[in-house]
$ cat structure32.txt   # compact mmCIF, C-alpha atoms
# COMPACT_ATOMS: atom_id res chain seq x y z
CA MET Q 1 -203.50 277.82 373.02
CA ALA Q 2 -203.21 274.17 371.92
CA HIS Q 3 -206.21 272.44 370.38
CA ARG Q 4 -207.26 268.83 369.94
CA VAL Q 5 -210.16 267.32 368.07
CA GLN Q 6 -212.40 264.77 369.80
CA PHE Q 7 -214.70 262.63 367.67
CA ASP Q 8 -216.29 259.28 366.92
CA PHE Q 9 -215.60 257.50 363.65
CA GLU Q 10 -216.64 254.60 361.46
CA ILE Q 11 -214.28 253.20 358.83
CA ASP Q 12 -215.17 250.70 356.10
CA PHE Q 13 -212.49 248.65 354.36
CA THR Q 14 -212.64 247.94 350.64
CA ASN Q 15 -211.79 244.27 351.22
CA GLY Q 16 -214.55 243.85 353.83
CA GLY Q 17 -215.12 244.66 357.48
CA GLY Q 18 -214.58 247.90 359.35
CA ILE Q 19 -213.66 249.54 362.63
CA GLN Q 20 -215.23 252.11 364.93
CA GLY Q 21 -213.92 254.48 367.55
CA GLN Q 22 -215.51 256.63 370.26
CA ASP Q 23 -214.14 259.80 371.85
CA PHE Q 24 -210.95 259.52 369.83
CA ARG Q 25 -208.58 262.48 370.20
CA LEU Q 26 -205.92 263.92 367.90
CA ASP Q 27 -203.75 267.02 368.13
CA ILE Q 28 -204.39 269.68 365.46
CA ALA Q 29 -202.27 272.65 364.43
CA GLY Q 30 -205.09 275.23 364.33
CA ASP Q 31 -208.48 275.65 365.93
CA ASP Q 32 -210.52 273.79 363.30
CA ILE Q 33 -210.27 270.92 360.83
CA SER Q 34 -212.71 269.74 358.16
CA ASP Q 35 -214.21 266.25 358.21
CA ARG Q 36 -212.32 265.35 355.01
CA GLU Q 37 -209.00 266.55 356.44
CA LEU Q 38 -209.70 264.75 359.70
CA ALA Q 39 -210.54 261.51 357.87
CA ASP Q 40 -207.23 261.67 355.95
CA TYR Q 41 -205.38 262.54 359.17
CA LEU Q 42 -206.96 259.60 361.02
CA VAL Q 43 -206.17 257.07 358.28
CA ALA Q 44 -202.56 258.29 358.08
CA ASP Q 45 -202.16 258.32 361.85
CA LEU Q 46 -203.46 254.76 362.20
CA ARG Q 47 -201.46 253.64 359.14
CA LEU Q 48 -204.51 251.93 357.67
CA LEU Q 49 -204.65 250.31 354.24
CA MET Q 50 -207.54 249.34 351.93
CA VAL Q 51 -209.71 252.11 353.41
CA GLY Q 52 -213.09 252.89 351.84
CA ALA Q 53 -215.65 255.25 353.36
CA VAL Q 54 -214.72 257.16 356.52
CA ARG Q 55 -217.48 258.76 358.60
CA ILE Q 56 -216.62 261.40 361.20
CA LEU Q 57 -219.27 261.72 363.92
CA ASP Q 58 -219.84 264.09 366.86
CA LYS Q 59 -216.70 266.17 366.18
CA ARG Q 60 -215.70 268.74 368.80
CA ILE Q 61 -212.68 271.02 369.11
CA ILE Q 62 -211.29 271.16 372.65
CA SER Q 63 -208.55 273.22 374.27
CA GLU Q 64 -206.02 270.75 375.58
CA ALA Q 65 -202.25 270.41 375.60
CA HIS Q 66 -200.77 268.51 372.67
CA LYS Q 67 -199.44 265.04 373.33
CA ARG Q 68 -197.16 265.18 370.25
CA GLU Q 69 -196.64 267.26 367.12
CA PRO Q 70 -199.86 267.40 365.06
CA ILE Q 71 -199.68 265.44 361.82
CA ASP Q 72 -201.15 268.48 360.02
CA ALA Q 73 -198.46 270.85 361.33
CA PRO Q 74 -196.63 272.71 358.50
CA ARG Q 75 -193.51 270.56 358.62
CA LEU Q 76 -193.83 268.84 355.26
CA SER Q 77 -192.43 270.09 351.95
CA ARG Q 78 -193.54 273.64 351.13
CA PHE Q 79 -194.19 274.85 347.58
CA ILE Q 80 -193.31 278.31 346.25
CA ASP Q 81 -194.88 279.50 343.01
CA LEU Q 82 -192.24 280.92 340.64
CA SER Q 83 -194.50 281.74 337.69
CA HIS Q 84 -196.38 284.85 336.60
CA THR Q 85 -200.16 284.82 336.13
CA ILE Q 86 -201.36 284.79 332.53
CA GLU Q 87 -204.48 286.84 331.87
CA HIS Q 88 -206.30 288.44 328.97
CA GLY Q 89 -204.24 291.23 327.39
CA LEU Q 90 -200.96 290.42 329.15
CA VAL Q 91 -197.85 291.43 327.18
CA THR Q 92 -194.90 289.15 327.95
CA TYR Q 93 -192.56 290.02 325.09
CA LYS Q 94 -192.84 293.42 323.41
CA GLY Q 95 -193.84 293.00 319.77
CA LEU Q 96 -195.65 289.69 320.29
CA PRO Q 97 -199.46 289.65 320.61
CA ALA Q 98 -201.11 289.46 324.01
CA PRO Q 99 -203.23 286.40 324.81
CA ILE Q 100 -206.97 286.42 324.23
CA VAL Q 101 -208.75 284.65 327.08
CA CYS Q 102 -212.51 284.34 326.67
CA ASP Q 103 -215.48 281.99 326.79
CA TYR Q 104 -216.00 279.37 324.11
CA LEU Q 105 -219.10 278.29 326.00
CA SER Q 106 -220.34 280.68 328.67
CA ARG Q 107 -222.22 279.57 331.76
CA GLU Q 108 -225.28 281.43 330.53
CA ALA Q 109 -225.22 279.70 327.13
CA SER Q 110 -224.63 276.30 328.71
CA ARG Q 111 -227.94 276.47 330.56
CA ALA Q 112 -229.73 275.74 327.27
CA ILE Q 113 -227.72 272.52 326.86
CA TYR Q 114 -227.77 270.93 330.32
CA ALA Q 115 -230.47 270.07 332.82
CA SER Q 116 -231.94 272.74 335.03
CA GLY Q 117 -229.46 273.87 337.68
CA THR Q 118 -226.45 272.44 335.78
CA GLU Q 119 -224.05 274.80 334.02
CA PHE Q 120 -220.43 274.80 332.81
CA GLN Q 121 -217.87 277.17 331.36
CA ILE Q 122 -215.49 276.15 328.57
CA GLY Q 123 -212.73 278.65 327.98
CA LYS Q 124 -210.96 279.60 324.78
CA ILE Q 125 -207.36 280.84 324.71
CA GLU Q 126 -205.50 282.27 321.74
CA MET Q 127 -201.83 283.09 322.36
CA VAL Q 128 -198.28 282.78 321.16
CA THR Q 129 -196.29 280.18 323.06
CA ASN Q 130 -193.88 282.79 324.46
CA THR Q 131 -196.40 283.96 327.07
CA GLY Q 132 -196.00 284.26 330.82
CA THR Q 133 -193.34 282.11 332.45
CA TYR Q 134 -192.30 279.62 329.78
CA LEU Q 135 -189.86 276.82 329.04
CA ASP Q 136 -187.68 276.63 325.92
CA CYS Q 137 -186.57 273.25 324.58
CA PRO Q 138 -184.14 272.58 321.69
CA PHE Q 139 -186.84 272.70 318.96
CA HIS Q 140 -187.36 276.38 319.77
CA ARG Q 141 -183.92 277.09 318.28
CA TYR Q 142 -183.10 274.06 316.13
CA ALA Q 143 -185.34 272.37 313.55
CA ASP Q 144 -183.91 268.96 314.42
CA GLY Q 145 -184.00 269.55 318.19
CA LYS Q 146 -186.35 267.78 320.57
CA ASP Q 147 -189.81 269.32 320.86
CA LEU Q 148 -191.95 269.41 324.00
CA ALA Q 149 -193.42 265.98 323.29
CA GLU Q 150 -189.93 264.48 323.24
CA ILE Q 151 -188.66 266.00 326.49
CA ALA Q 152 -188.72 263.48 329.33
CA ILE Q 153 -190.75 264.39 332.40
CA ALA Q 154 -187.66 263.77 334.54
CA ALA Q 155 -185.80 266.52 332.62
CA MET Q 156 -188.11 269.26 333.90
CA THR Q 157 -189.64 267.96 337.12
CA ASP Q 158 -188.35 267.68 340.68
CA LEU Q 159 -184.82 268.79 339.70
CA ASP Q 160 -182.19 269.41 342.34
CA ALA Q 161 -181.70 273.17 342.07
CA ILE Q 162 -179.57 276.12 343.13
CA VAL Q 163 -180.17 279.88 343.09
CA VAL Q 164 -177.33 282.12 341.95
CA ARG Q 165 -177.78 285.74 343.04
CA ALA Q 166 -176.91 288.43 340.49
CA PRO Q 167 -178.63 291.68 341.58
CA HIS Q 168 -179.74 293.58 338.50
CA THR Q 169 -178.64 296.76 336.86
CA PRO Q 170 -179.94 297.84 333.44
CA ALA Q 171 -178.40 295.85 330.58
CA GLN Q 172 -176.20 293.99 333.07
CA ALA Q 173 -174.14 291.21 331.53
CA ILE Q 174 -173.95 288.22 333.89
CA ASP Q 175 -170.65 286.49 333.16
CA ALA Q 176 -169.25 283.07 333.98
CA GLU Q 177 -167.57 284.32 337.15
CA VAL Q 178 -170.95 284.43 338.91
CA PHE Q 179 -171.23 280.65 338.57
CA ARG Q 180 -167.70 279.66 339.53
CA GLU Q 181 -167.07 277.81 342.79
CA ARG Q 182 -170.71 276.65 342.81
CA GLU Q 183 -171.89 273.05 342.79
CA ILE Q 184 -173.95 273.16 339.59
CA ARG Q 185 -173.34 269.93 337.65
CA GLY Q 186 -176.58 268.06 337.00
CA ARG Q 187 -178.66 270.78 338.65
CA ALA Q 188 -181.21 273.40 337.62
CA VAL Q 189 -179.49 276.78 337.94
CA LEU Q 190 -181.90 279.66 338.65
CA VAL Q 191 -180.44 283.15 338.18
CA HIS Q 192 -181.99 285.64 340.60
CA THR Q 193 -181.65 289.19 339.29
CA GLY Q 194 -184.74 290.78 340.83
CA TRP Q 195 -185.80 292.15 337.45
CA ASP Q 196 -189.25 290.61 337.95
CA VAL Q 197 -190.08 293.65 340.07
CA HIS Q 198 -190.71 295.41 336.73
CA TRP Q 199 -193.06 292.70 335.40
CA ASN Q 200 -196.01 293.98 333.34
CA THR Q 201 -194.60 297.51 333.16
CA PRO Q 202 -192.87 299.27 330.22
CA ARG Q 203 -189.59 299.12 332.17
CA TYR Q 204 -189.57 295.32 332.01
CA TYR Q 205 -189.01 295.30 328.25
CA GLU Q 206 -186.20 297.85 328.18
CA GLY Q 207 -182.72 296.54 328.89
CA GLY Q 208 -182.56 294.12 331.76
CA PRO Q 209 -179.91 291.60 332.86
CA PHE Q 210 -178.83 288.69 330.68
CA LEU Q 211 -176.19 285.97 330.49
CA THR Q 212 -173.10 286.32 328.35
CA ALA Q 213 -172.01 283.81 325.74
CA ALA Q 214 -169.10 282.85 328.02
CA ALA Q 215 -171.49 282.17 330.88
CA ALA Q 216 -173.58 279.91 328.64
CA ARG Q 217 -170.48 277.96 327.58
CA TYR Q 218 -169.41 277.58 331.20
CA LEU Q 219 -172.83 276.27 332.23
CA ARG Q 220 -172.83 273.87 329.29
CA ASP Q 221 -169.34 272.59 330.07
CA CYS Q 222 -170.29 272.10 333.73
CA GLY Q 223 -173.19 269.87 332.70
CA VAL Q 224 -176.16 271.76 334.17
CA CYS Q 225 -179.58 270.38 333.22
CA LEU Q 226 -181.67 273.59 333.12
CA VAL Q 227 -181.09 277.34 333.41
CA GLY Q 228 -183.77 279.80 334.52
CA ILE Q 229 -183.84 283.57 334.90
CA ASP Q 230 -186.31 286.10 336.32
CA ALA Q 231 -185.69 288.61 333.53
CA HIS Q 232 -187.04 289.51 330.09
CA ASN Q 233 -184.61 287.28 328.20
CA ILE Q 234 -181.66 285.07 329.02
CA ASP Q 235 -179.87 286.63 326.02
CA ASP Q 236 -178.90 290.21 325.21
CA THR Q 237 -181.71 291.32 322.89
CA ARG Q 238 -180.00 294.46 321.57
CA GLY Q 239 -178.73 292.53 318.55
CA GLY Q 240 -179.98 289.70 316.40
CA GLU Q 241 -177.73 286.97 317.79
CA ARG Q 242 -178.83 284.70 320.61
CA PRO Q 243 -175.64 282.92 321.77
CA VAL Q 244 -177.06 281.77 325.12
CA HIS Q 245 -180.10 280.12 323.55
CA SER Q 246 -177.88 278.63 320.85
CA THR Q 247 -175.34 277.20 323.28
CA LEU Q 248 -177.70 275.86 325.92
CA LEU Q 249 -180.44 274.50 323.66
CA GLY Q 250 -177.78 273.09 321.33
CA ALA Q 251 -176.53 271.03 324.27
CA GLY Q 252 -180.05 269.91 325.24
CA ILE Q 253 -180.14 272.21 328.29
CA LEU Q 254 -183.64 273.57 328.92
CA ILE Q 255 -184.27 277.28 329.55
CA VAL Q 256 -187.01 278.91 331.64
CA GLU Q 257 -187.54 282.66 331.26
CA HIS Q 258 -189.71 285.18 333.13
CA LEU Q 259 -189.47 283.48 336.51
CA CYS Q 260 -190.49 285.36 339.66
CA ASN Q 261 -190.25 285.10 343.46
CA LEU Q 262 -186.70 283.74 343.38
CA GLY Q 263 -185.94 285.99 346.34
CA ALA Q 264 -188.21 283.77 348.44
CA LEU Q 265 -185.98 280.74 347.85
CA PRO Q 266 -182.93 279.60 349.79
CA ASP Q 267 -179.72 279.26 347.79
CA GLU Q 268 -180.03 275.47 347.94
CA GLY Q 269 -182.20 272.76 349.50
CA PHE Q 270 -185.14 272.68 347.08
CA ALA Q 271 -186.38 270.95 343.95
CA PHE Q 272 -187.50 272.84 340.83
CA SER Q 273 -190.25 271.90 338.38
CA ALA Q 274 -191.47 273.61 335.20
CA THR Q 275 -193.65 271.26 333.17
CA PRO Q 276 -195.55 272.30 330.00
CA PRO Q 277 -198.14 270.25 328.07
CA LYS Q 278 -196.90 267.50 325.76
CA PHE Q 279 -197.12 269.29 322.39
CA ARG Q 280 -195.67 267.90 319.18
CA GLY Q 281 -193.94 270.47 316.96
CA VAL Q 282 -193.70 273.14 319.66
CA GLY Q 283 -190.46 274.41 321.20
CA THR Q 284 -191.67 276.70 323.97
CA PHE Q 285 -194.78 276.92 326.13
CA PRO Q 286 -196.00 278.45 329.42
CA VAL Q 287 -195.32 276.47 332.60
CA ARG Q 288 -196.37 276.50 336.23
CA ALA Q 289 -192.86 276.84 337.61
CA MET Q 290 -192.46 275.94 341.27
CA ALA Q 291 -189.97 275.11 343.97
CA LYS Q 292 -190.49 272.39 346.58
CA LEU Q 293 -188.53 273.17 349.71
CA ARG Q 294 -187.12 270.20 351.52
CA ARG Q 295 -188.35 269.67 355.07
CA ALA Q 296 -186.16 271.15 357.76
$ encode --input "structure32.txt" --output "structure tokens"
Amino acid sequence: MAHRVQFDFEIDFTNGGGIQGQDFRLDIAGDDISDRELADYLVADLRLLMVGAVRILDKRIISEAHKREPIDAPRLSRFIDLSHTIEHGLVTYKGLPAPIVCDYLSREASRAIYASGTEFQIGKIEMVTNTGTYLDCPFHRYADGKDLAEIAIAAMTDLDAIVVRAPHTPAQAIDAEVFREREIRGRAVLVHTGWDVHWNTPRYYEGGPFLTAAAARYLRDCGVCLVGIDAHNIDDTRGGERPVHSTLLGAGILIVEHLCNLGALPDEGFAFSATPPKFRGVGTFPVRAMAKLRRA
């Protein structure tokens, strides 16, 4: 059943004056809409500028056929979260300490500081930077490489991206052939192995797929801008060498490890972002990795 919202409104403009409307109607996608959402919808629909306060009055939801597609219909860009949740005690990399997440100032303790009825929580986090889904920049591997504070926002945000499917088997070496005949130059290349199904279990840390040194050289030579993987490490961890990190970070190509939900992405047609805080002297840090699907 189609729904519309009928309402009165008053709009003030920041440069003076205002407008009013009575029994105005707009199509909505569901069977309800908040006053704040309706105010934003109305301003966008009327293409108004310099808008101040918007008051929605006498709002009613009515069953009535749509006159056009609702502006709040889910047709705009859709985001998919590609990062794991970090919580107290989580082990990301076997042998490294789990994060400690606790209160620095609890809500109960804050009541003695603020006025009656006002309380806050201030958290305290102690962790190694290789926690959760994280980004590696050149400083992680090279003392003279760029640290997080030196990486441009454009190098890790809203990147044209592609998913390369490489279904996992234990200790599977993903070679350069997987990436051939793909349009990868200048793009973020996300390697979907499915190993994230083992996340936060003992199995996750044992074996797992990884890229070969030849694959890293191929990606470097093709001029990719970032490489991500949904596995424990982009390198084979059975030895002490890390040729993939060395090759990619040596060429200024960022790495994101411990991704998830890559199976929910199309092969192409999305932008990838993985942005950490701007730390000086730090080469890796957790990110909120995400994909923004382009509208159909």
$ residues_around --input "structure32.txt" --residues "Ile153 (chain Q)" --least-positions-apart "2" --cutoff "12 Å" --atoms "all atoms listed in the file" --output "list in words"
Leu148, Ala149, Glu150, Ile151, Ala155, Met156, Thr157, Asp158, Leu159, Ser273, Ala274, Thr275, Pro276, Pro277 and Lys278 of chain Q
$ atom_distance --input "structure32.txt" --atom1 "CA of Tyr41 (chain Q)" --atom2 "CA of Gly269 (chain Q)"
27.1 Å
$ closest_residue --input "structure32.txt" --among "Q:Phe120, Q:Tyr134, Q:Phe270, Q:Phe279" --to "Ala291 (chain Q)" --atoms "only C-alpha atoms"
Q:Phe270
$ atom_distance --input "structure32.txt" --atom1 "CA of Phe272 (chain Q)" --atom2 "CA of Leu96 (chain Q)"
27.8 Å
$ residues_around --input "structure32.txt" --residues "Asp31 (chain Q)" --least-positions-apart "6" --cutoff "9 Å" --atoms "all atoms listed in the file" --output "list of chain:residue names"
Q:Met1, Q:Ala2, Q:His3, Q:Arg4, Q:Val5, Q:Ile61, Q:Ile62, Q:Ser63
$ residues_around --input "structure32.txt" --residues "Gly18 (chain Q)" --least-positions-apart "6" --cutoff "12 Å" --atoms "only C-alpha atoms" --output "ChimeraX atom specification"
/Q:9-12,48-55
$ residues_around --input "structure32.txt" --residues "Gly223 (chain Q)" --least-positions-apart "6" --cutoff "9 Å" --atoms "only C-alpha atoms" --output "ChimeraX atom specification"
/Q:184-187,253
$ atom_distance --input "structure32.txt" --atom1 "CA of Lys94 (chain Q)" --atom2 "CA of Arg217 (chain Q)"
27.5 Å
$ residues_around --input "structure32.txt" --residues "Thr85 (chain Q)" --least-positions-apart "6" --cutoff "12 Å" --atoms "only C-alpha atoms" --output "PDB file with C-alpha atoms, keeping the file's coordinate frame"
ATOM      1  CA  VAL Q  91    -197.850 291.430 327.180  1.00  0.00           C
ATOM      2  CA  THR Q  92    -194.900 289.150 327.950  1.00  0.00           C
ATOM      3  CA  PRO Q  99    -203.230 286.400 324.810  1.00  0.00           C
ATOM      4  CA  THR Q 131    -196.400 283.960 327.070  1.00  0.00           C
ATOM      5  CA  GLY Q 132    -196.000 284.260 330.820  1.00  0.00           C
ATOM      6  CA  THR Q 133    -193.340 282.110 332.450  1.00  0.00           C
ATOM      7  CA  TYR Q 134    -192.300 279.620 329.780  1.00  0.00           C
ATOM      8  CA  TRP Q 199    -193.060 292.700 335.400  1.00  0.00           C
ATOM      9  CA  ASN Q 200    -196.010 293.980 333.340  1.00  0.00           C
ATOM     10  CA  HIS Q 258    -189.710 285.180 333.130  1.00  0.00           C
ATOM     11  CA  LEU Q 259    -189.470 283.480 336.510  1.00  0.00           C
ATOM     12  CA  CYS Q 260    -190.490 285.360 339.660  1.00  0.00           C
ATOM     13  CA  PRO Q 286    -196.000 278.450 329.420  1.00  0.00           C
ATOM     14  CA  VAL Q 287    -195.320 276.470 332.600  1.00  0.00           C
ATOM     15  CA  ARG Q 288    -196.370 276.500 336.230  1.00  0.00           C
ATOM     16  CA  ALA Q 289    -192.860 276.840 337.610  1.00  0.00           C
TER      17      ALA Q 289
END
$ closest_residue --input "structure32.txt" --among "Q:Cys137, Q:Leu190, Q:Ile229, Q:Ala271" --to "Leu248 (chain Q)" --atoms "all atoms listed in the file"
Q:Cys137
$ residues_near_point --input "structure32.txt" --point "(-179.8, 278.7, 340.7)" --cutoff "9 Å" --atoms "all atoms listed in the file" --output "list in words"
Ala161, Ile162, Val163, Val164, Arg165, Ile184, Arg187, Ala188, Val189, Leu190, Val191, His192, Val227, Gly228, Ile229, Leu262, Asp267 and Glu268 of chain Q
$ write_last_selection --input "structure32.txt" --atoms "C-alpha atoms" --output "tab-separated table (two decimals), in the coordinates of the input"
chain	number	residue	atom	x	y	z
Q	161	ALA	CA	-181.70	273.17	342.07
Q	162	ILE	CA	-179.57	276.12	343.13
Q	163	VAL	CA	-180.17	279.88	343.09
Q	164	VAL	CA	-177.33	282.12	341.95
Q	165	ARG	CA	-177.78	285.74	343.04
Q	184	ILE	CA	-173.95	273.16	339.59
Q	187	ARG	CA	-178.66	270.78	338.65
Q	188	ALA	CA	-181.21	273.40	337.62
Q	189	VAL	CA	-179.49	276.78	337.94
Q	190	LEU	CA	-181.90	279.66	338.65
Q	191	VAL	CA	-180.44	283.15	338.18
Q	192	HIS	CA	-181.99	285.64	340.60
Q	227	VAL	CA	-181.09	277.34	333.41
Q	228	GLY	CA	-183.77	279.80	334.52
Q	229	ILE	CA	-183.84	283.57	334.90
Q	262	LEU	CA	-186.70	283.74	343.38
Q	267	ASP	CA	-179.72	279.26	347.79
Q	268	GLU	CA	-180.03	275.47	347.94
$ decode --input "structure32.txt" --residues "region 157-176 of chain Q" --atoms "N, CA, C and O atoms" --output "compact mmCIF listing (two decimals), in the first residue's frame"
# COMPACT_ATOMS: atom_id res chain seq x y z
N THR Q 157 40.40 7.27 0.63
CA THR Q 157 38.98 7.61 0.74
C THR Q 157 38.33 7.69 -0.64
O THR Q 157 38.89 8.31 -1.55
N ASP Q 158 37.16 7.07 -0.77
CA ASP Q 158 36.37 7.16 -1.99
C ASP Q 158 37.16 6.70 -3.22
O ASP Q 158 37.09 7.32 -4.29
N LEU Q 159 37.87 5.58 -3.08
CA LEU Q 159 38.70 5.05 -4.16
C LEU Q 159 37.87 4.17 -5.08
O LEU Q 159 37.08 3.34 -4.61
N ASP Q 160 38.03 4.33 -6.37
CA ASP Q 160 37.43 3.40 -7.31
C ASP Q 160 38.01 2.02 -7.03
O ASP Q 160 39.23 1.85 -6.94
N ALA Q 161 37.14 1.01 -6.88
CA ALA Q 161 37.60 -0.28 -6.38
C ALA Q 161 37.06 -1.45 -7.19
O ALA Q 161 36.08 -1.33 -7.92
N ILE Q 162 37.72 -2.59 -7.01
CA ILE Q 162 37.35 -3.83 -7.66
C ILE Q 162 37.55 -4.97 -6.67
O ILE Q 162 38.48 -4.94 -5.86
N VAL Q 163 36.67 -5.97 -6.71
CA VAL Q 163 36.84 -7.17 -5.91
C VAL Q 163 37.36 -8.28 -6.82
O VAL Q 163 36.81 -8.52 -7.90
N VAL Q 164 38.40 -8.96 -6.36
CA VAL Q 164 38.94 -10.13 -7.07
C VAL Q 164 38.64 -11.34 -6.20
O VAL Q 164 39.05 -11.39 -5.04
N ARG Q 165 37.91 -12.30 -6.75
CA ARG Q 165 37.49 -13.48 -5.99
C ARG Q 165 38.58 -14.55 -6.03
O ARG Q 165 39.03 -14.95 -7.09
N ALA Q 166 38.97 -15.01 -4.83
CA ALA Q 166 39.96 -16.09 -4.72
C ALA Q 166 39.53 -16.98 -3.57
O ALA Q 166 40.07 -16.89 -2.46
N PRO Q 167 38.51 -17.84 -3.78
CA PRO Q 167 37.98 -18.68 -2.69
C PRO Q 167 39.10 -19.40 -1.95
O PRO Q 167 40.02 -19.94 -2.55
N HIS Q 168 39.01 -19.43 -0.63
CA HIS Q 168 40.12 -19.86 0.20
C HIS Q 168 40.24 -21.37 0.32
O HIS Q 168 39.26 -22.11 0.26
N THR Q 169 41.48 -21.78 0.48
CA THR Q 169 41.83 -23.09 1.02
C THR Q 169 42.97 -22.80 2.00
O THR Q 169 43.64 -21.78 1.91
N PRO Q 170 43.20 -23.69 2.98
CA PRO Q 170 44.25 -23.41 3.95
C PRO Q 170 45.61 -23.19 3.28
O PRO Q 170 46.01 -23.93 2.38
N ALA Q 171 46.31 -22.15 3.75
CA ALA Q 171 47.64 -21.82 3.26
C ALA Q 171 47.66 -21.67 1.73
O ALA Q 171 48.64 -22.02 1.08
N GLN Q 172 46.58 -21.16 1.16
CA GLN Q 172 46.50 -20.98 -0.29
C GLN Q 172 47.33 -19.78 -0.72
O GLN Q 172 47.18 -18.68 -0.20
N ALA Q 173 48.20 -19.98 -1.69
CA ALA Q 173 48.99 -18.90 -2.25
C ALA Q 173 48.23 -18.31 -3.44
O ALA Q 173 47.92 -19.01 -4.40
N ILE Q 174 47.91 -17.03 -3.36
CA ILE Q 174 47.18 -16.34 -4.41
C ILE Q 174 48.21 -15.67 -5.31
O ILE Q 174 48.89 -14.74 -4.91
N ASP Q 175 48.34 -16.17 -6.53
CA ASP Q 175 49.40 -15.73 -7.43
C ASP Q 175 48.91 -14.62 -8.37
O ASP Q 175 47.73 -14.27 -8.39
N ALA Q 176 49.82 -14.14 -9.17
CA ALA Q 176 49.53 -13.02 -10.07
C ALA Q 176 48.45 -13.34 -11.09
O ALA Q 176 47.72 -12.44 -11.55
